[in-house]
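Novice: So I've got this file, coords.txt, and it contains compact mmCIF, C-alpha atoms and all ligand atoms:
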# COMPACT_ATOMS: atom_id res chain seq x y z
CA MET A 1351 70.70 -7.80 83.74
CA GLN A 1352 71.78 -11.45 83.88
CA LYS A 1353 72.05 -13.05 87.32
CA LEU A 1354 75.45 -12.18 88.74
CA PHE A 1355 76.59 -15.53 90.12
CA TRP A 1356 79.66 -14.03 91.81
CA ILE A 1357 77.84 -11.66 94.16
CA ASP A 1358 77.59 -14.09 97.11
CA GLU A 1359 81.31 -14.68 97.02
CA ILE A 1360 82.02 -10.94 96.82
CA ASN A 1361 79.76 -10.40 99.83
CA ARG A 1362 81.67 -13.06 101.75
CA LEU A 1363 85.08 -11.66 100.80
CA TYR A 1364 84.23 -8.04 101.67
CA LEU A 1365 81.70 -8.63 104.47
CA LEU A 1366 78.95 -6.93 102.50
CA GLN A 1367 75.29 -7.61 101.70
CA ILE A 1368 75.01 -6.48 98.12
CA LYS A 1369 71.80 -7.58 96.39
CA GLN A 1370 71.48 -8.33 92.68
CA ASP A 1371 69.23 -5.36 91.97
CA GLN A 1372 71.72 -2.97 93.56
CA VAL A 1373 74.27 -3.63 90.82
CA SER A 1374 74.23 -1.92 87.40
CA LEU A 1375 76.72 -1.45 84.56
CA PHE A 1376 78.57 1.85 84.78
CA GLY A 1377 80.82 4.23 82.78
CA ASP A 1378 82.42 3.87 79.36
CA GLY A 1379 85.90 2.51 79.84
CA HIS A 1380 87.19 0.30 77.03
CA ILE A 1381 88.77 -2.37 79.18
CA HIS A 1382 87.14 -3.65 82.38
CA LYS A 1383 83.49 -4.39 83.08
CA THR A 1384 82.55 -1.76 85.64
CA TYR A 1385 79.49 -1.86 87.90
CA LEU A 1386 78.00 0.64 90.27
CA VAL A 1387 76.84 -0.91 93.53
CA ASP A 1388 74.19 1.26 95.15
CA MET A 1389 73.28 -0.01 98.59
CA GLY A 1390 71.35 3.13 99.47
CA TYR A 1391 73.51 4.16 102.39
CA GLU A 1392 76.72 3.57 100.44
CA LYS A 1393 77.87 3.39 96.82
CA LEU A 1394 80.85 1.38 95.60
CA ILE A 1395 82.51 0.60 92.31
CA LEU A 1396 82.89 -3.08 91.51
CA GLN A 1397 85.03 -4.15 88.60
CA GLN A 1398 85.32 -7.41 86.78
CA PHE A 1399 88.93 -7.14 85.80
CA ASN A 1400 90.12 -7.73 82.22
CA GLN A 1401 92.83 -10.37 82.50
CA GLN A 1402 93.23 -10.50 78.73
CA VAL A 1403 94.55 -6.94 78.68
CA PHE A 1404 96.24 -6.92 82.09
CA LYS A 1405 98.09 -10.20 82.26
CA TYR A 1406 99.95 -9.32 85.48
CA PRO A 1407 97.42 -8.34 88.15
CA GLU A 1408 100.06 -8.99 90.82
CA ARG A 1409 102.11 -6.11 89.40
CA ILE A 1410 99.12 -3.80 89.72
CA SER A 1411 98.70 -4.93 93.33
CA ASN A 1412 102.37 -4.20 93.95
CA ASN A 1413 102.00 -0.70 92.50
CA HIS A 1414 98.77 0.05 94.35
CA LYS A 1415 100.25 -1.14 97.64
CA ILE A 1416 103.14 1.28 97.11
CA LEU A 1417 100.63 4.08 96.60
CA LEU A 1418 98.63 3.08 99.67
CA ASP A 1419 101.85 3.08 101.73
CA GLN A 1420 103.74 6.01 100.32
CA ILE A 1421 101.32 8.62 99.04
CA ASN A 1422 99.93 11.10 101.47
CA GLN A 1423 96.35 10.93 100.26
CA GLU A 1424 95.20 13.53 102.77
CA ALA A 1425 97.46 16.08 101.11
CA LEU A 1426 95.98 15.45 97.67
CA PRO A 1427 93.30 17.94 96.63
CA PHE A 1428 91.23 15.10 95.11
CA ILE A 1429 90.40 11.48 95.87
CA LEU A 1430 92.50 8.63 94.54
CA PRO A 1431 90.05 5.73 94.79
CA LEU A 1432 92.50 2.86 95.24
CA PRO A 1433 91.06 -0.65 95.67
CA ILE A 1434 89.61 -1.62 99.03
CA PRO A 1435 91.42 -4.65 100.53
CA ASN A 1436 89.26 -7.74 101.01
CA GLN A 1437 89.13 -9.75 104.26
CA GLN A 1438 92.47 -11.35 103.40
CA GLY A 1439 94.06 -7.95 102.81
CA GLU A 1440 94.21 -8.58 99.06
CA LEU A 1441 93.35 -5.89 96.52
CA PHE A 1442 91.98 -8.44 94.04
CA SER A 1443 89.47 -11.18 94.74
CA LEU A 1444 89.50 -14.31 92.65
CA VAL A 1445 86.00 -15.70 92.08
CA ASP A 1446 85.59 -18.65 89.76
CA GLY A 1447 88.83 -17.89 87.93
CA GLN A 1448 87.92 -14.20 87.45
CA TYR A 1449 89.45 -11.24 89.23
CA PHE A 1450 87.20 -8.67 90.88
CA ARG A 1451 87.88 -5.63 92.97
CA LEU A 1452 86.02 -3.03 94.88
CA SER A 1453 86.82 0.65 95.19
CA PRO A 1454 85.19 3.76 96.61
CA PHE A 1455 82.61 5.48 94.45
CA VAL A 1456 83.26 9.17 93.84
CA ALA A 1457 80.34 11.37 92.81
CA GLY A 1458 80.64 13.91 90.04
CA LYS A 1459 80.92 14.16 86.28
CA CYS A 1460 82.99 12.06 83.90
CA VAL A 1461 83.14 13.62 80.44
CA ASN A 1462 84.60 12.69 77.07
CA GLU A 1463 85.12 16.32 76.06
CA VAL A 1464 85.71 19.51 78.02
CA THR A 1465 83.83 22.66 77.12
CA SER A 1466 86.16 25.39 78.40
CA PRO A 1467 89.85 26.18 78.80
CA HIS A 1468 89.25 26.41 82.56
CA GLN A 1469 88.16 22.77 82.68
CA ALA A 1470 91.30 21.89 80.73
CA TYR A 1471 93.41 23.84 83.22
CA LEU A 1472 91.83 21.99 86.18
CA ALA A 1473 92.46 18.60 84.56
CA ALA A 1474 96.13 19.38 83.84
CA LYS A 1475 96.65 20.65 87.36
CA ALA A 1476 95.14 17.50 88.84
CA PHE A 1477 97.24 15.08 86.79
CA ALA A 1478 100.40 17.12 87.47
CA GLU A 1479 99.58 17.11 91.20
CA PHE A 1480 99.22 13.36 90.96
CA ILE A 1481 102.75 13.04 89.52
CA LEU A 1482 104.06 15.31 92.23
CA SER A 1483 102.46 13.24 94.98
CA GLY A 1484 104.71 10.34 93.99
CA ILE A 1485 107.85 12.25 93.12
CA HIS A 1486 109.63 10.86 96.20
CA ILE A 1487 108.99 7.23 95.21
CA GLN A 1488 111.80 5.41 93.43
CA SER A 1489 110.53 4.82 89.91
CA THR A 1490 112.21 1.40 89.95
CA SER A 1491 109.82 0.20 92.67
CA PHE A 1492 106.96 0.24 90.17
CA GLN A 1493 106.36 -2.77 87.96
CA GLU A 1494 105.12 -2.50 84.40
CA SER A 1495 101.45 -3.48 84.43
CA ILE A 1496 101.57 -3.70 80.63
CA PRO A 1497 105.12 -4.17 79.33
CA GLY A 1498 106.10 -1.52 76.79
CA PHE A 1499 102.73 0.21 77.20
CA HIS A 1500 103.88 3.59 75.84
CA ASP A 1501 106.90 2.36 73.92
CA LEU A 1502 106.28 4.01 70.54
CA GLU A 1503 109.01 1.95 68.87
CA LEU A 1504 107.41 -1.29 70.05
CA ARG A 1505 103.92 -0.13 69.03
CA TYR A 1506 105.26 0.74 65.57
CA GLN A 1507 106.67 -2.78 65.28
CA GLN A 1508 103.35 -4.23 66.48
CA LEU A 1509 101.51 -2.27 63.81
CA LYS A 1510 103.87 -3.64 61.15
CA GLN A 1511 103.34 -7.15 62.51
CA ALA A 1512 99.55 -6.69 62.46
CA LEU A 1513 99.80 -5.52 58.86
CA HIS A 1514 101.82 -8.60 57.99
CA ASP A 1515 99.39 -11.00 59.72
CA THR A 1516 96.06 -9.36 58.92
CA LYS A 1517 93.20 -11.18 57.23
CA ARG A 1518 91.78 -7.86 56.03
CA GLU A 1519 92.33 -6.53 52.57
CA VAL A 1520 94.46 -3.41 52.86
CA VAL A 1521 93.07 -1.25 50.08
CA GLY A 1522 91.28 2.09 49.69
CA GLU A 1523 90.85 4.11 52.85
CA LEU A 1524 92.46 1.44 55.00
CA LYS A 1525 95.59 1.62 52.84
CA ILE A 1526 95.67 5.42 53.19
CA LEU A 1527 95.48 5.08 56.97
CA VAL A 1528 98.16 2.40 57.11
CA ASP A 1529 100.48 4.48 54.91
CA PHE A 1530 99.93 7.56 57.07
CA TYR A 1531 100.89 5.73 60.25
CA LEU A 1532 103.87 3.97 58.69
CA GLN A 1533 105.14 7.41 57.68
CA GLN A 1534 105.32 8.54 61.33
CA LYS A 1535 108.90 7.22 61.68
CA LYS A 1536 110.10 10.68 62.65
CA LEU A 1537 107.99 10.62 65.79
CA VAL A 1538 109.36 7.19 66.62
CA GLU A 1539 112.89 8.53 66.28
CA GLU A 1540 112.07 11.52 68.42
CA TYR A 1541 110.65 9.17 71.05
CA VAL A 1542 113.94 7.28 71.14
CA SER A 1543 115.94 10.47 71.46
CA TRP A 1544 113.87 11.77 74.42
CA LYS A 1545 114.42 8.47 76.24
CA HIS A 1546 118.02 9.36 76.99
CA ARG A 1547 117.26 12.82 78.31
CA LEU A 1548 114.37 12.44 80.75
CA PRO A 1549 113.98 11.02 84.25
CA LEU A 1550 111.36 8.34 84.93
CA ARG A 1551 108.59 9.37 87.32
CA MET A 1552 105.48 7.82 88.71
CA THR A 1553 102.96 8.60 85.98
CA HIS A 1554 99.29 7.78 85.60
CA SER A 1555 99.83 6.76 81.96
CA ASP A 1556 96.14 6.83 80.95
CA THR A 1557 95.16 10.45 81.42
CA LYS A 1558 92.38 10.56 78.88
CA ILE A 1559 89.87 13.08 80.09
CA ASN A 1560 87.24 10.58 81.18
CA ASN A 1561 89.68 9.11 83.68
CA LEU A 1562 89.02 12.08 85.90
CA ILE A 1563 85.87 13.02 87.83
CA TYR A 1564 84.91 16.70 88.00
CA ALA A 1565 82.62 18.19 90.61
CA ASN A 1566 79.08 18.52 89.20
CA ASP A 1567 79.55 22.27 88.75
CA PHE A 1568 83.04 21.79 87.24
CA SER A 1569 84.56 24.01 89.92
CA LYS A 1570 87.20 21.39 90.80
CA VAL A 1571 88.42 17.85 90.25
CA ASN A 1572 86.91 15.30 92.63
CA ALA A 1573 88.99 12.27 91.66
CA VAL A 1574 91.61 10.79 89.38
CA ILE A 1575 90.52 7.28 88.39
CA ASP A 1576 91.58 4.26 86.29
CA LEU A 1577 94.72 3.56 88.26
CA ASP A 1578 95.91 0.31 86.64
CA THR A 1579 98.53 1.86 84.43
CA ILE A 1580 100.26 3.85 87.16
CA MET A 1581 103.92 2.97 86.68
CA ALA A 1582 107.22 4.56 85.78
CA GLY A 1583 106.96 6.85 82.78
CA TYR A 1584 107.75 10.23 81.33
CA VAL A 1585 105.88 13.33 82.36
CA TYR A 1586 105.00 14.03 78.72
CA TYR A 1587 102.93 10.83 78.54
CA ASP A 1588 100.43 12.26 80.99
CA PHE A 1589 100.47 15.71 79.46
CA GLY A 1590 100.19 14.13 76.02
CA ASP A 1591 97.12 12.00 76.63
CA LEU A 1592 95.42 15.09 78.02
CA VAL A 1593 96.27 16.97 74.84
CA ARG A 1594 94.91 14.08 72.80
CA THR A 1595 91.56 14.04 74.56
CA VAL A 1596 91.11 17.67 75.68
CA VAL A 1597 92.50 19.75 72.84
CA CYS A 1598 90.62 17.80 70.19
CA THR A 1599 87.35 19.54 69.28
CA GLU A 1600 85.65 16.15 68.86
CA GLY A 1601 85.66 13.02 71.02
CA GLU A 1602 87.76 9.96 70.24
CA SER A 1603 84.75 8.13 68.75
CA SER A 1604 83.62 11.00 66.50
CA GLN A 1605 83.34 10.48 62.76
CA ASN A 1606 82.79 14.17 62.01
CA TRP A 1607 86.16 14.30 60.32
CA GLY A 1608 85.74 17.92 59.18
CA ASN A 1609 85.17 19.07 62.77
CA ILE A 1610 88.25 17.41 64.28
CA LYS A 1611 90.56 20.31 65.07
CA ALA A 1612 93.07 21.34 67.73
CA ASP A 1613 91.79 24.01 70.13
CA LYS A 1614 94.77 26.23 70.94
CA ALA A 1615 93.07 27.94 73.91
CA LYS A 1616 92.55 24.57 75.60
CA TYR A 1617 96.11 23.55 74.77
CA ASP A 1618 97.47 26.70 76.41
CA ALA A 1619 95.26 26.09 79.46
CA LEU A 1620 96.63 22.55 79.78
CA LEU A 1621 100.16 23.88 79.57
CA GLN A 1622 99.43 26.52 82.18
CA GLY A 1623 97.95 23.96 84.62
CA PHE A 1624 100.86 21.57 84.17
CA LEU A 1625 103.55 24.24 84.45
CA GLU A 1626 101.98 25.90 87.47
CA VAL A 1627 102.30 22.67 89.42
CA GLY A 1628 105.55 21.41 87.91
CA GLU A 1629 107.55 24.63 87.83
CA GLY A 1630 110.83 24.27 89.67
CA ILE A 1631 110.26 20.51 90.09
CA PHE A 1632 110.12 19.10 86.59
CA THR A 1633 113.44 19.51 84.78
CA GLU A 1634 113.92 22.00 81.97
CA GLU A 1635 113.97 19.12 79.49
CA GLU A 1636 110.78 17.61 80.87
CA MET A 1637 109.10 20.96 80.26
CA GLN A 1638 110.49 21.05 76.72
CA SER A 1639 109.22 17.52 76.04
CA LEU A 1640 105.56 18.42 76.71
CA PRO A 1641 104.61 19.50 73.15
CA PHE A 1642 106.02 16.22 71.84
CA GLY A 1643 103.68 14.40 74.25
CA GLY A 1644 100.50 15.48 72.48
CA GLN A 1645 101.68 14.22 69.11
CA MET A 1646 103.28 11.09 70.49
CA MET A 1647 100.20 9.98 72.47
CA THR A 1648 97.89 10.65 69.53
CA CYS A 1649 100.21 8.70 67.26
CA ILE A 1650 100.53 5.75 69.65
CA MET A 1651 96.74 5.52 70.00
CA GLY A 1652 96.43 5.61 66.22
CA PHE A 1653 98.99 2.77 65.96
CA ARG A 1654 97.11 0.77 68.59
CA PHE A 1655 93.57 1.28 67.24
CA LEU A 1656 94.73 0.47 63.72
CA ALA A 1657 96.70 -2.59 64.81
CA ASP A 1658 93.64 -3.81 66.72
CA TYR A 1659 91.45 -3.34 63.65
CA LEU A 1660 93.96 -5.29 61.55
CA ASP A 1661 94.10 -7.98 64.26
CA GLY A 1662 90.32 -8.39 64.11
CA ASN A 1663 89.33 -6.22 67.13
CA VAL A 1664 90.75 -8.35 69.91
CA TYR A 1665 91.75 -5.64 72.41
CA TYR A 1666 89.34 -2.70 72.62
CA SER A 1667 85.65 -3.18 73.16
CA ILE A 1668 83.74 -2.04 70.09
CA HIS A 1669 80.11 -1.25 69.30
CA TYR A 1670 80.46 -1.97 65.58
CA GLU A 1671 83.00 -3.71 63.32
CA GLU A 1672 84.66 -0.59 61.88
CA GLN A 1673 84.98 1.29 65.18
CA ASN A 1674 88.72 0.79 65.66
CA PHE A 1675 89.27 1.79 62.04
CA HIS A 1676 87.27 4.97 62.70
CA ARG A 1677 89.12 5.61 65.96
CA ALA A 1678 92.43 5.33 64.10
CA LYS A 1679 91.15 7.71 61.43
CA ASN A 1680 90.00 10.16 64.11
CA GLN A 1681 93.50 10.09 65.64
CA MET A 1682 95.08 10.63 62.21
CA VAL A 1683 93.04 13.79 61.61
CA LEU A 1684 93.90 15.02 65.11
CA LEU A 1685 97.60 14.24 64.71
CA LYS A 1686 97.69 16.29 61.51
CA ALA A 1687 95.94 19.16 63.32
CA LEU A 1688 98.42 19.00 66.21
CA GLN A 1689 101.33 18.91 63.79
CA ASP A 1690 99.99 22.08 62.15
CA MET A 1691 99.17 23.89 65.39
C1 LIG B 1701 91.97 2.47 77.22
O1 LIG B 1701 90.59 1.91 80.02
P1 LIG B 1701 90.41 3.17 79.27
O2 LIG B 1701 89.22 3.16 78.37
O3 LIG B 1701 90.46 4.35 80.17
C2 LIG B 1701 93.45 2.17 77.14
C3 LIG B 1701 94.25 3.46 76.97
C4 LIG B 1701 93.76 4.18 75.75
C5 LIG B 1701 92.26 4.38 75.80
C6 LIG B 1701 91.75 4.93 74.51
C7 LIG B 1701 94.91 -0.33 79.50
O4 LIG B 1701 91.72 3.28 78.35
O5 LIG B 1701 95.61 3.16 76.81
O6 LIG B 1701 94.39 5.42 75.64
O7 LIG B 1701 91.57 3.15 76.06
N1 LIG B 1701 93.88 1.46 78.33
C8 LIG B 1701 94.58 0.32 78.23
O8 LIG B 1701 90.43 5.31 74.64
O9 LIG B 1701 94.92 -0.15 77.15
MG MG B 1702 88.69 4.69 81.85
Represent the structure from my file as structure tokens, please.

Specialist:
Amino acid sequence: MQKLFWIDEINRLYLLQIKQDQVSLFGDGHIHKTYLVDMGYEKLILQQFNQQVFKYPERISNNHKILLDQINQEALPFILPLPIPNQQGELFSLVDGQYFRLSPFVAGKCVNEVTSPHQAYLAAKAFAEFILSGIHIQSTSFQESIPGFHDLELRYQQLKQALHDTKREVVGELKILVDFYLQQKKLVEEYVSWKHRLPLRMTHSDTKINNLIYANDFSKVNAVIDLDTIMAGYVYYDFGDLVRTVVCTEGESSQNWGNIKADKAKYDALLQGFLEVGEGIFTEEEMQSLPFGGQMMTCIMGFRFLADYLDGNVYYSIHYEEQNFHRAKNQMVLLKALQDM
């Protein structure tokens, strides 16, 4: 790996003695550059923060400070690895114009697909328990780390804008994909109608299955991770992104179109996990909104992947030029399967 010029400054800011060869790239998130720091006696996660995607790091600090102050972490059945404050008490460290942060490392397994309904059940329980742990916090105290992040109406507009501005030729399969997503107006209307009926809660807002760490034997959840999008949202967002990434029989990057199906047993297990925790706490309407969540979150990811492809791949990291196009196609096949389930 290239020489990491920022390590000395990190060591100074956190009173550490990390050496170059103790740092390696880690995980497969699409947004930040994540490193594992292995000092032998202790492991940490170090992230070079993506300021292109998250333009308001101070809002994330605000939200994380609320969590540090107001969530009883001891009572949570898993770890919430919030950033470790530096010597100045700040959650972010600015080194050479770049934001970095350090957080505890949690051992276990991060997966892109679950293999059993029981694993699905455990994931749903954990994310519902997370929502519950912040149910006493005024949703207005959270700031939007990405404005309009799950606003389906806005994402629909952004897709139309991308289509208008694109340098790509919209023909053939791309045209089919664009037409499919533009036809999802009904979901956009349903999104608007739910808005008036549901309370805002503290939600994780990025509950894709690899944002959770299972114990190595999958007997429990060790941690809920990727905490940048924690903000006010609807319960169905968190249920929905689980549906999108758990119920699908193929991962988000799969191109085995014929194998992309919705697994009803895993869906039912998700529902069971969520309801077991939320029963008597979530409102009747929140419970009723859950099935909409799966379709809505799949649709919004399709909008976003496709818009990014049309924009020239400026948001998500990609391994090849057509990857966002393929991701959008994957979500289209899944959305159809969920609509037929
Ligand atoms: C991004 O950071 P990561 O890879 O967990 C994205 C999510 C998408 C997801 C799709 C801040 O999540 O919204 O659902 O990719 N996060 C952000 O894989 O845009
Ligand atoms: Mg992630």

Novice: I'd like to know which of A:Leu1562, A:Ile1357, A:Ile1410, A:Met1581 is closest to ligand MG 1702 (chain B), using all atoms listed in the file.

Specialist: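 For ligand MG 1702 (chain B), the nearest of the given residues is A:Leu1562.
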
Novice: Check the smallest atom-to-atom distance from each of A:Gln1398, A:Gln1372, A:Gln1534, A:Thr1384 to Trp1356 (chain A) using all atoms listed in the file, then report the winner.

Specialist: A:Gln1398

Novice: I'd like the contact shell of region 1657-1660 of chain A - 8 Å cut-off, all atoms listed in the file, skipping same-chain residues fewer than 4 positions apart - returned as JSON, numbers by chain.

Specialist: {"A": [1508, 1509, 1512, 1513, 1516, 1517, 1518, 1653, 1664, 1665, 1666, 1672, 1674, 1675]}

Novice: Could you give me, as number ranges by chain, every polymer residue with an atom at most 12 Å away from an atom of ligand MG 1702 (chain B), counting all atoms listed in the file?

Specialist: A: 1376-1384, 1397, 1460-1462, 1554-1563, 1574-1579, 1666

Novice: Using all atoms listed in the file, which of the listed residues (A:Ile1487, A:Leu1592, A:Leu1426, A:Leu1444) sits closest to ligand LIG 1701 (chain B)?

Specialist: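 Residue with the minimum atom-to-atom distance to ligand LIG 1701 (chain B): A:Leu1592.
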
Novice: For Phe1399 (chain A), which of A:Val1596, A:Leu1366, A:Leu1441, A:Val1464 is the closest residue, counting all atoms listed in the file?

Specialist: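 The answer is A:Leu1441, which sits nearest to Phe1399 (chain A).
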
Novice: Do you know which residues are at most 9 Å from Met1389 (chain A) counting all atoms listed in the file, after dropping those on the same chain fewer than 5 positions away, and could you put them as a PyMOL selection string?

Specialist: chain A and resi 1367-1369+1372-1373+1394

Novice: Selected residues, C-alpha atoms, written as a PDB file, in the frame of the given file, please.

Specialist:
ATOM      1  CA  GLN A1367      75.290  -7.610 101.700  1.00  0.00           C
ATOM      2  CA  ILE A1368      75.010  -6.480  98.120  1.00  0.00           C
ATOM      3  CA  LYS A1369      71.800  -7.580  96.390  1.00  0.00           C
ATOM      4  CA  GLN A1372      71.720  -2.970  93.560  1.00  0.00           C
ATOM      5  CA  VAL A1373      74.270  -3.630  90.820  1.00  0.00           C
ATOM      6  CA  LEU A1394      80.850   1.380  95.600  1.00  0.00           C
TER       7      LEU A1394
END

Novice: Between CA of Gly1583 (chain A) and CA of Leu1550 (chain A), what is the distance, to one decimal in Å?

Specialist: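 CA of Leu1550 (chain A) lies at a distance of 5.1 Å from CA of Gly1583 (chain A).
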